[in-house]
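Read through the structure below, which is laid out as structure tokens, and then see the notes.
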Amino acid sequence: MASHHGSEDSAGAKHRGLMRDLARQALLALLTLAGLALGALIVTTPLSLEHQLLFAAVTMVLLISFRQVHARWATIFLSLLALAISSRYIYWRTTETLGFTGVVGWIFGISLYLAELYAWLMLFFGFLHTIWPLARPIRPLHEPPEAWPTVDIFVPTYNESLAIVRDTVLGALSIDYPRTR
């Protein structure tokens, strides 16, 4: 009988764990949807010059306040804030500035717009990489050190003082790799 109750307790614990995970995922989905709605509102709401300046000032205060916080949530918050600001610009650029006159104006205007759109996409993907970095395990090299590839470390400088390049050089010297390779 004891094993029967033990399996019921185990099944109940599994069920509670699954329900907790499901509730956590549902909450995350709701928060994500709310965040996307808020983001869309921030990006698409037209602001007067005074309100735009106020928005910029509040944003700058937030950016400066959070830059010394090294927690993951702060990185996510700052990335999303910067993405919202740049998205406001791209939205404005898309909806307000693409009326060109003449072929030359159209060619240069669209070229610049596409370059800005490309830069925004690279910013977006860079933030994705920052928010969700890949967790790659360190793989040990199994071959003898003589078979390892050679590695050259270049520290490009242009008349910088030792104080500027010191940490980089010390980091390069302290790598865990045979000096002869």
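A note on labels: chains of the structure tokens are A, B, ... as shown, every chain counts residues from 1, and ligands are counted from 1 in their shown order.
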Output as a PyMOL selection string all residues of region 21-178 of chain A that backbone DSSP marks as alpha helix (DSSP H).
chain A and resi 21-44+49-66+72-96+103-131+162-173
Need to verify the contact set: Arg72 (chain A), 12 Å, only C-alpha atoms, exclusion of same-chain residues closer than 5 positions in sequence. Can you return it as number ranges by chain?
A: 66-67, 77-79, 130-133
Once you have the residues from the selection above, write them out as a PDB file, in the first residue's frame, restricted to C-alpha atoms.
```pdb
ATOM      1  CA  PHE A  66      20.065  51.787 -15.402  1.00  0.00           C
ATOM      2  CA  ARG A  67      23.468  51.780 -17.096  1.00  0.00           C
ATOM      3  CA  PHE A  77      14.868  46.675 -20.175  1.00  0.00           C
ATOM      4  CA  LEU A  78      17.541  48.906 -21.720  1.00  0.00           C
ATOM      5  CA  SER A  79      17.544  46.877 -24.943  1.00  0.00           C
ATOM      6  CA  THR A 130      22.250  40.279 -26.199  1.00  0.00           C
ATOM      7  CA  ILE A 131      18.993  39.303 -24.498  1.00  0.00           C
ATOM      8  CA  TRP A 132      19.224  35.577 -25.323  1.00  0.00           C
ATOM      9  CA  PRO A 133      22.902  34.693 -25.693  1.00  0.00           C
TER      10      PRO A 133
END
```
Identify, on the basis of only C-alpha atoms, every residue whose closest approach to Pro156 (chain A) does not exceed 12 Å; exclude the query and any residue fewer than 6 positions from it along the same chain; express the result as number ranges by chain.
A: 164-165, 168-169
Take the residues that were just selected and, keeping C-alpha atoms, output them as an mmCIF file, in the first residue's frame.
```cif
data_model
loop_
_atom_site.group_PDB
_atom_site.id
_atom_site.type_symbol
_atom_site.label_atom_id
_atom_site.label_comp_id
_atom_site.auth_asym_id
_atom_site.auth_seq_id
_atom_site.Cartn_x
_atom_site.Cartn_y
_atom_site.Cartn_z
ATOM 1 C CA ILE A 164 44.471 52.227 -22.602
ATOM 2 C CA VAL A 165 45.771 48.919 -24.003
ATOM 3 C CA THR A 168 43.672 43.995 -23.406
ATOM 4 C CA VAL A 169 47.334 42.955 -23.550
#
```
Neighbour list for region 81-93 of chain A as a ChimeraX atom specification, cut-off 8 Å, only C-alpha atoms, skip fewer than 6 positions in-chain:
/A:39,42-44,59,113,116-117,120,123-124
Residues from last step as file, C-alpha atoms, as a short mmCIF file (atom, residue, chain, number, x, y, z; two decimals), in the first residue's frame:
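Here's the written file result.cif:
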```
data_model
loop_
_atom_site.label_atom_id
_atom_site.label_comp_id
_atom_site.auth_asym_id
_atom_site.auth_seq_id
_atom_site.Cartn_x
_atom_site.Cartn_y
_atom_site.Cartn_z
CA GLY A 39 5.47 48.92 -27.47
CA ILE A 42 4.88 53.90 -27.77
CA VAL A 43 6.09 53.51 -31.35
CA THR A 44 2.98 54.74 -33.17
CA THR A 59 14.23 58.09 -21.72
CA TYR A 113 15.79 54.61 -46.19
CA GLU A 116 18.44 52.94 -42.20
CA LEU A 117 16.07 49.98 -42.26
CA TRP A 120 17.54 49.00 -37.53
CA LEU A 123 20.17 46.60 -34.07
CA PHE A 124 17.13 44.37 -33.51
#
```
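If you look at CA of Ile107 (chain A) and CA of Leu121 (chain A), they are 20.9 Å away from each other.
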From the options A:Ala135, A:Arg179, A:Ala74, A:Leu31, which residue's atoms come nearest to Leu62 (chain A), counting only C-alpha atoms?
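Answer, going by the shortest atom-to-atom distance: A:Ala74.
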Length of the CA of Glu50 (chain A) to CA of Leu38 (chain A) vector [Å]
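Taking CA of Glu50 (chain A) as the start and CA of Leu38 (chain A) as the end point, the length is 21.0 Å.
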